[in-house]
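Below is one structure, written out as structure tokens; the observations come after it.
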Amino acid sequence: SRSSFSDGDEMRNLTEDESDTEEIAVKSPKKVSKKSVVTRTITACVMICAYLVMLRAGHFYCILAGACTQVELYRELVNVRYVPAKERSMPWFRSLQWGWFWMAMLWVYGEALHSFCLEKKELRGFTAITEHFDSVVFIMYCVLFVFSVLSMRKSMVRFQISQYMWSLVIILLVVVQCKFFASYTLKGLFWFFFPMATVVMNDVSAYFCGITMGRK
């Protein structure tokens, strides 16, 4: 009986020691390796060089970089809801999603693109097309609205409306709020450089402050 009691005490002590070790392992912060800091620093330097080259290239390429970023950001965010829509076989879901996006992009960048073509002699031939962007946007809106209503199914109206609202909110955040991005960039690269540099400095400062003081 004594041996059984002693064995039980030993097992209990071992269990308590293991739990204490697990708690310490959980609570102890994971140290940031020097390799990670070096890798991030090198990547930052490469991106800064690419950013300066883009600024040197001119207004058009800065606006193009912003538009490409919007496309990628929209694709990443709408993919969050793609799997549930695919599982329910939601009709025309992907086509309507991107249709609304490109309609919003054309509305946002149409006026700035028309002004850009007017200022460049070699692009003035395109003004015959760019001056009708407002009409094209209106026609696209009507067509997309009709097809969105026709795609509704009685068994999943609530789900479809929630999906459309998700896409609409993303378009408002990613596209519509950049309405004056292109026009202000054409007025001066400072209006492209300053907000971008502010975001970059905020992210970089947050990272280095986090690894030095955030784990204390």
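Labels used: A, B, ... for chains in the order of the structure tokens, numbers from 1 for residues in each chain, and numbers from 1 for ligands as shown.
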Per residue of range 40-146 of chain A within 9 Å of range 170-180 of chain A, record the nearest atom pair and its distance in Å to one decimal, counting only C-alpha atoms, with rows in chain order and ascending residue number, as a tab-separated table.
residue	atom	partner	partner_atom	distance
A:Ala67	CA	A:Val175	CA	8.9
A:Gln70	CA	A:Val174	CA	6.1
A:Val71	CA	A:Val174	CA	8.7
A:Leu73	CA	A:Val174	CA	7.4
A:Tyr74	CA	A:Val174	CA	6.7
A:Leu77	CA	A:Ile170	CA	7.3
A:Val78	CA	A:Ile170	CA	7.7
A:Trp100	CA	A:Ile171	CA	8.1
A:Phe101	CA	A:Ile171	CA	6.4
A:Ala104	CA	A:Val175	CA	6.7
A:Met105	CA	A:Val175	CA	6.4
A:Trp107	CA	A:Lys179	CA	8.3
A:Val108	CA	A:Lys179	CA	4.9
A:Tyr109	CA	A:Lys179	CA	7.2
A:Ala112	CA	A:Phe180	CA	8.6
Counting only C-alpha atoms, which residues of range 60-121 of chain A fall within 9 Å of range 127-140 of chain A, and what is the closest atom pair for each with its distance in Å at one decimal, ordered by chain and rising number, as a Markdown table?
| residue | atom | partner | partner_atom | distance |
| --- | --- | --- | --- | --- |
| A:Gly99 | CA | A:Met140 | CA | 8.2 |
| A:Trp100 | CA | A:Met140 | CA | 8.4 |
| A:Met103 | CA | A:Val137 | CA | 6.0 |
| A:Ala104 | CA | A:Val137 | CA | 8.0 |
| A:Leu106 | CA | A:Val137 | CA | 6.8 |
| A:Trp107 | CA | A:Val137 | CA | 6.2 |
| A:Gly110 | CA | A:Phe133 | CA | 6.0 |
| A:Glu111 | CA | A:Phe133 | CA | 7.8 |
| A:Leu113 | CA | A:Thr130 | CA | 7.1 |
| A:His114 | CA | A:Thr130 | CA | 5.2 |
| A:Ser115 | CA | A:Thr127 | CA | 8.7 |
| A:Cys117 | CA | A:Thr127 | CA | 6.2 |
| A:Leu118 | CA | A:Thr127 | CA | 6.7 |
Selected residues written out, C-alpha atoms, as a short mmCIF file (atom, residue, chain, number, x, y, z; two decimals), in the first residue's frame:
data_model
loop_
_atom_site.label_atom_id
_atom_site.label_comp_id
_atom_site.auth_asym_id
_atom_site.auth_seq_id
_atom_site.Cartn_x
_atom_site.Cartn_y
_atom_site.Cartn_z
CA GLY A 99 -18.82 42.61 -63.46
CA TRP A 100 -19.74 44.96 -60.61
CA MET A 103 -18.06 48.71 -63.63
CA ALA A 104 -16.93 50.50 -60.45
CA LEU A 106 -14.43 52.22 -64.98
CA TRP A 107 -16.52 54.78 -63.10
CA GLY A 110 -12.85 56.92 -66.47
CA GLU A 111 -12.66 60.68 -65.97
CA LEU A 113 -8.17 58.42 -68.07
CA HIS A 114 -10.04 60.79 -70.38
CA SER A 115 -8.07 63.75 -69.01
CA CYS A 117 -5.59 61.06 -73.05
CA LEU A 118 -6.42 64.72 -73.72
#
Find the distance between CA of Phe181 in chain A and CA of Gly66 in chain A and write it in Å to one decimal.
->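 Going from CA of Phe181 in chain A over to CA of Gly66 in chain A, I get 8.6 Å.
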All alpha helix (DSSP H) positions in range 167-207 of chain A, as an NGL selection string = :A and (167-174 or 181-187 or 190-207)
Could you write those residues out with N, CA, C and O atoms, as a CSV table (one decimal), in the first residue's frame?
chain,number,residue,atom,x,y,z
A,167,SER,N,-20.0,41.7,-51.5
A,167,SER,CA,-19.3,42.3,-52.7
A,167,SER,C,-19.4,43.8,-52.8
A,167,SER,O,-18.4,44.5,-53.1
A,168,LEU,N,-20.6,44.3,-52.5
A,168,LEU,CA,-20.8,45.8,-52.5
A,168,LEU,C,-19.9,46.5,-51.5
A,168,LEU,O,-19.3,47.5,-51.8
A,169,VAL,N,-19.8,46.0,-50.3
A,169,VAL,CA,-19.0,46.6,-49.2
A,169,VAL,C,-17.5,46.6,-49.6
A,169,VAL,O,-16.8,47.6,-49.5
A,170,ILE,N,-17.1,45.5,-50.2
A,170,ILE,CA,-15.7,45.4,-50.6
A,170,ILE,C,-15.4,46.4,-51.8
A,170,ILE,O,-14.4,47.1,-51.8
A,171,ILE,N,-16.4,46.6,-52.7
A,171,ILE,CA,-16.2,47.5,-53.8
A,171,ILE,C,-16.1,49.0,-53.2
A,171,ILE,O,-15.3,49.8,-53.6
A,172,LEU,N,-17.0,49.2,-52.2
A,172,LEU,CA,-16.9,50.6,-51.6
A,172,LEU,C,-15.6,50.8,-50.9
A,172,LEU,O,-15.1,51.9,-51.0
A,173,LEU,N,-15.0,49.8,-50.3
A,173,LEU,CA,-13.8,50.0,-49.5
A,173,LEU,C,-12.6,50.0,-50.5
A,173,LEU,O,-11.7,50.8,-50.3
A,174,VAL,N,-12.6,49.2,-51.5
A,174,VAL,CA,-11.4,49.0,-52.3
A,174,VAL,C,-11.4,49.9,-53.5
A,174,VAL,O,-10.3,50.4,-53.9
A,181,PHE,N,-8.1,59.2,-56.4
A,181,PHE,CA,-6.7,58.7,-56.4
A,181,PHE,C,-6.0,59.1,-57.7
A,181,PHE,O,-4.9,59.6,-57.8
A,182,ALA,N,-6.6,58.7,-58.9
A,182,ALA,CA,-6.0,58.9,-60.2
A,182,ALA,C,-5.9,60.4,-60.5
A,182,ALA,O,-4.8,60.9,-61.0
A,183,SER,N,-7.0,61.2,-60.3
A,183,SER,CA,-7.0,62.6,-60.6
A,183,SER,C,-5.9,63.4,-59.8
A,183,SER,O,-5.2,64.3,-60.3
A,184,TYR,N,-5.8,63.1,-58.5
A,184,TYR,CA,-4.8,63.8,-57.7
A,184,TYR,C,-3.4,63.3,-58.0
A,184,TYR,O,-2.5,64.2,-57.9
A,185,THR,N,-3.2,62.1,-58.4
A,185,THR,CA,-1.9,61.6,-58.8
A,185,THR,C,-1.4,62.4,-60.1
A,185,THR,O,-0.3,62.7,-60.2
A,186,LEU,N,-2.4,62.6,-61.0
A,186,LEU,CA,-2.0,63.3,-62.2
A,186,LEU,C,-1.7,64.8,-61.9
A,186,LEU,O,-0.9,65.4,-62.7
A,187,LYS,N,-2.2,65.3,-60.8
A,187,LYS,CA,-1.8,66.7,-60.5
A,187,LYS,C,-0.5,66.8,-59.8
A,187,LYS,O,0.1,67.9,-59.8
A,190,PHE,N,3.4,63.9,-55.6
A,190,PHE,CA,3.4,64.0,-54.1
A,190,PHE,C,2.2,63.4,-53.5
A,190,PHE,O,2.2,62.7,-52.5
A,191,TRP,N,1.0,63.5,-54.2
A,191,TRP,CA,-0.3,63.0,-53.7
A,191,TRP,C,-0.3,61.4,-53.8
A,191,TRP,O,-1.2,60.8,-53.3
A,192,PHE,N,0.6,60.9,-54.6
A,192,PHE,CA,0.8,59.4,-54.6
A,192,PHE,C,1.9,59.0,-53.6
A,192,PHE,O,1.7,58.0,-52.8
A,193,PHE,N,2.9,59.8,-53.5
A,193,PHE,CA,4.0,59.4,-52.6
A,193,PHE,C,3.7,59.5,-51.1
A,193,PHE,O,4.0,58.6,-50.3
A,194,PHE,N,3.0,60.6,-50.7
A,194,PHE,CA,2.8,60.9,-49.3
A,194,PHE,C,1.9,59.8,-48.7
A,194,PHE,O,2.3,59.2,-47.6
A,195,PRO,N,0.7,59.5,-49.2
A,195,PRO,CA,-0.1,58.4,-48.5
A,195,PRO,C,0.6,57.1,-48.5
A,195,PRO,O,0.5,56.3,-47.5
A,196,MET,N,1.3,56.7,-49.6
A,196,MET,CA,1.9,55.4,-49.7
A,196,MET,C,3.1,55.4,-48.7
A,196,MET,O,3.2,54.4,-48.0
A,197,ALA,N,3.9,56.4,-48.6
A,197,ALA,CA,5.0,56.5,-47.6
A,197,ALA,C,4.5,56.4,-46.2
A,197,ALA,O,5.1,55.8,-45.3
A,198,THR,N,3.3,57.0,-45.9
A,198,THR,CA,2.8,57.0,-44.6
A,198,THR,C,2.4,55.6,-44.2
A,198,THR,O,2.7,55.2,-43.1
A,199,VAL,N,1.7,54.9,-45.1
A,199,VAL,CA,1.3,53.5,-44.8
A,199,VAL,C,2.6,52.6,-44.6
A,199,VAL,O,2.6,51.8,-43.6
A,200,VAL,N,3.6,52.8,-45.4
A,200,VAL,CA,4.8,52.0,-45.3
A,200,VAL,C,5.5,52.2,-44.0
A,200,VAL,O,5.9,51.3,-43.3
A,201,MET,N,5.7,53.5,-43.7
A,201,MET,CA,6.3,53.8,-42.4
A,201,MET,C,5.6,53.3,-41.2
A,201,MET,O,6.2,52.9,-40.2
A,202,ASN,N,4.3,53.4,-41.3
A,202,ASN,CA,3.4,52.9,-40.2
A,202,ASN,C,3.7,51.4,-40.0
A,202,ASN,O,3.8,50.9,-38.8
A,203,ASP,N,3.6,50.6,-41.1
A,203,ASP,CA,3.8,49.2,-41.0
A,203,ASP,C,5.2,48.8,-40.5
A,203,ASP,O,5.4,47.9,-39.7
A,204,VAL,N,6.2,49.5,-41.1
A,204,VAL,CA,7.6,49.2,-40.7
A,204,VAL,C,7.8,49.5,-39.2
A,204,VAL,O,8.4,48.7,-38.4
A,205,SER,N,7.4,50.7,-38.8
A,205,SER,CA,7.5,51.1,-37.4
A,205,SER,C,6.8,50.1,-36.4
A,205,SER,O,7.3,49.8,-35.4
A,206,ALA,N,5.6,49.7,-36.8
A,206,ALA,CA,4.9,48.8,-36.0
A,206,ALA,C,5.6,47.4,-35.8
A,206,ALA,O,5.6,46.9,-34.8
A,207,TYR,N,6.2,47.0,-36.9
A,207,TYR,CA,7.0,45.7,-36.9
A,207,TYR,C,8.2,45.8,-35.9
A,207,TYR,O,8.4,45.0,-35.0
Neighbour list for Leu150 in chain A as a PDB file with N, CA, C and O atoms, in the first residue's frame, cut-off 12 Å, only C-alpha atoms, skip fewer than 2 positions in-chain:
ATOM      1  N   MET A  90     -24.596  28.863 -56.575  1.00  0.00           N
ATOM      2  CA  MET A  90     -25.190  30.180 -56.801  1.00  0.00           C
ATOM      3  C   MET A  90     -24.962  30.603 -58.245  1.00  0.00           C
ATOM      4  O   MET A  90     -23.821  30.703 -58.696  1.00  0.00           O
ATOM      5  N   PRO A  91     -26.010  30.864 -59.026  1.00  0.00           N
ATOM      6  CA  PRO A  91     -25.848  31.144 -60.462  1.00  0.00           C
ATOM      7  C   PRO A  91     -25.165  32.474 -60.737  1.00  0.00           C
ATOM      8  O   PRO A  91     -25.448  33.485 -60.080  1.00  0.00           O
ATOM      9  N   TRP A  92     -24.252  32.446 -61.698  1.00  0.00           N
ATOM     10  CA  TRP A  92     -23.559  33.640 -62.200  1.00  0.00           C
ATOM     11  C   TRP A  92     -22.827  34.403 -61.102  1.00  0.00           C
ATOM     12  O   TRP A  92     -22.550  35.606 -61.239  1.00  0.00           O
ATOM     13  N   PHE A  93     -22.500  33.731 -60.025  1.00  0.00           N
ATOM     14  CA  PHE A  93     -21.922  34.434 -58.874  1.00  0.00           C
ATOM     15  C   PHE A  93     -20.605  35.116 -59.232  1.00  0.00           C
ATOM     16  O   PHE A  93     -20.422  36.314 -59.010  1.00  0.00           O
ATOM     17  N   LEU A  96     -20.948  37.961 -61.985  1.00  0.00           N
ATOM     18  CA  LEU A  96     -21.567  39.182 -61.486  1.00  0.00           C
ATOM     19  C   LEU A  96     -20.638  39.918 -60.521  1.00  0.00           C
ATOM     20  O   LEU A  96     -20.582  41.157 -60.517  1.00  0.00           O
ATOM     21  N   VAL A 143     -27.431  46.568 -66.984  1.00  0.00           N
ATOM     22  CA  VAL A 143     -27.331  45.148 -67.347  1.00  0.00           C
ATOM     23  C   VAL A 143     -27.017  44.295 -66.125  1.00  0.00           C
ATOM     24  O   VAL A 143     -27.634  43.244 -65.897  1.00  0.00           O
ATOM     25  N   LEU A 144     -26.058  44.729 -65.311  1.00  0.00           N
ATOM     26  CA  LEU A 144     -25.683  43.966 -64.123  1.00  0.00           C
ATOM     27  C   LEU A 144     -26.828  43.898 -63.113  1.00  0.00           C
ATOM     28  O   LEU A 144     -27.038  42.861 -62.471  1.00  0.00           O
ATOM     29  N   PHE A 145     -27.557  44.990 -62.977  1.00  0.00           N
ATOM     30  CA  PHE A 145     -28.683  45.001 -62.041  1.00  0.00           C
ATOM     31  C   PHE A 145     -29.759  44.009 -62.480  1.00  0.00           C
ATOM     32  O   PHE A 145     -30.294  43.243 -61.662  1.00  0.00           O
ATOM     33  N   VAL A 146     -30.060  43.999 -63.781  1.00  0.00           N
ATOM     34  CA  VAL A 146     -31.081  43.071 -64.300  1.00  0.00           C
ATOM     35  C   VAL A 146     -30.640  41.625 -64.110  1.00  0.00           C
ATOM     36  O   VAL A 146     -31.415  40.772 -63.640  1.00  0.00           O
ATOM     37  N   PHE A 147     -29.392  41.321 -64.445  1.00  0.00           N
ATOM     38  CA  PHE A 147     -28.901  39.949 -64.306  1.00  0.00           C
ATOM     39  C   PHE A 147     -28.806  39.537 -62.835  1.00  0.00           C
ATOM     40  O   PHE A 147     -29.004  38.360 -62.510  1.00  0.00           O
ATOM     41  N   SER A 148     -28.500  40.487 -61.952  1.00  0.00           N
ATOM     42  CA  SER A 148     -28.454  40.155 -60.520  1.00  0.00           C
ATOM     43  C   SER A 148     -29.835  39.764 -60.010  1.00  0.00           C
ATOM     44  O   SER A 148     -29.976  38.829 -59.209  1.00  0.00           O
ATOM     45  N   MET A 152     -31.598  35.528 -58.897  1.00  0.00           N
ATOM     46  CA  MET A 152     -32.177  35.188 -57.595  1.00  0.00           C
ATOM     47  C   MET A 152     -32.948  33.876 -57.663  1.00  0.00           C
ATOM     48  O   MET A 152     -33.686  33.629 -58.620  1.00  0.00           O
ATOM     49  N   ARG A 153     -32.779  33.048 -56.667  1.00  0.00           N
ATOM     50  CA  ARG A 153     -33.508  31.785 -56.545  1.00  0.00           C
ATOM     51  C   ARG A 153     -34.290  31.807 -55.241  1.00  0.00           C
ATOM     52  O   ARG A 153     -33.771  32.212 -54.198  1.00  0.00           O
ATOM     53  N   LYS A 154     -35.527  31.361 -55.291  1.00  0.00           N
ATOM     54  CA  LYS A 154     -36.422  31.449 -54.139  1.00  0.00           C
ATOM     55  C   LYS A 154     -35.876  30.721 -52.919  1.00  0.00           C
ATOM     56  O   LYS A 154     -36.071  31.146 -51.783  1.00  0.00           O
ATOM     57  N   VAL A 157     -32.649  33.223 -51.435  1.00  0.00           N
ATOM     58  CA  VAL A 157     -32.649  34.678 -51.633  1.00  0.00           C
ATOM     59  C   VAL A 157     -31.837  35.368 -50.542  1.00  0.00           C
ATOM     60  O   VAL A 157     -31.025  36.259 -50.813  1.00  0.00           O
ATOM     61  N   GLN A 160     -28.138  34.864 -51.151  1.00  0.00           N
ATOM     62  CA  GLN A 160     -27.660  35.619 -52.301  1.00  0.00           C
ATOM     63  C   GLN A 160     -27.532  37.115 -51.984  1.00  0.00           C
ATOM     64  O   GLN A 160     -26.560  37.756 -52.383  1.00  0.00           O
TER      65      GLN A 160
END
Just how far from CA of Thr41 in chain A is CA of Gly58 in chain A, in Å to one decimal?
->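 Separation of CA of Gly58 in chain A and CA of Thr41 in chain A: 26.3 Å.
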Near Ser36 in chain A, within 12 Å and counting only C-alpha atoms, which residues show up once chain neighbours fewer than 5 positions away are dropped, as a ChimeraX atom specification?
-> /A:31,41-43,207-208,211
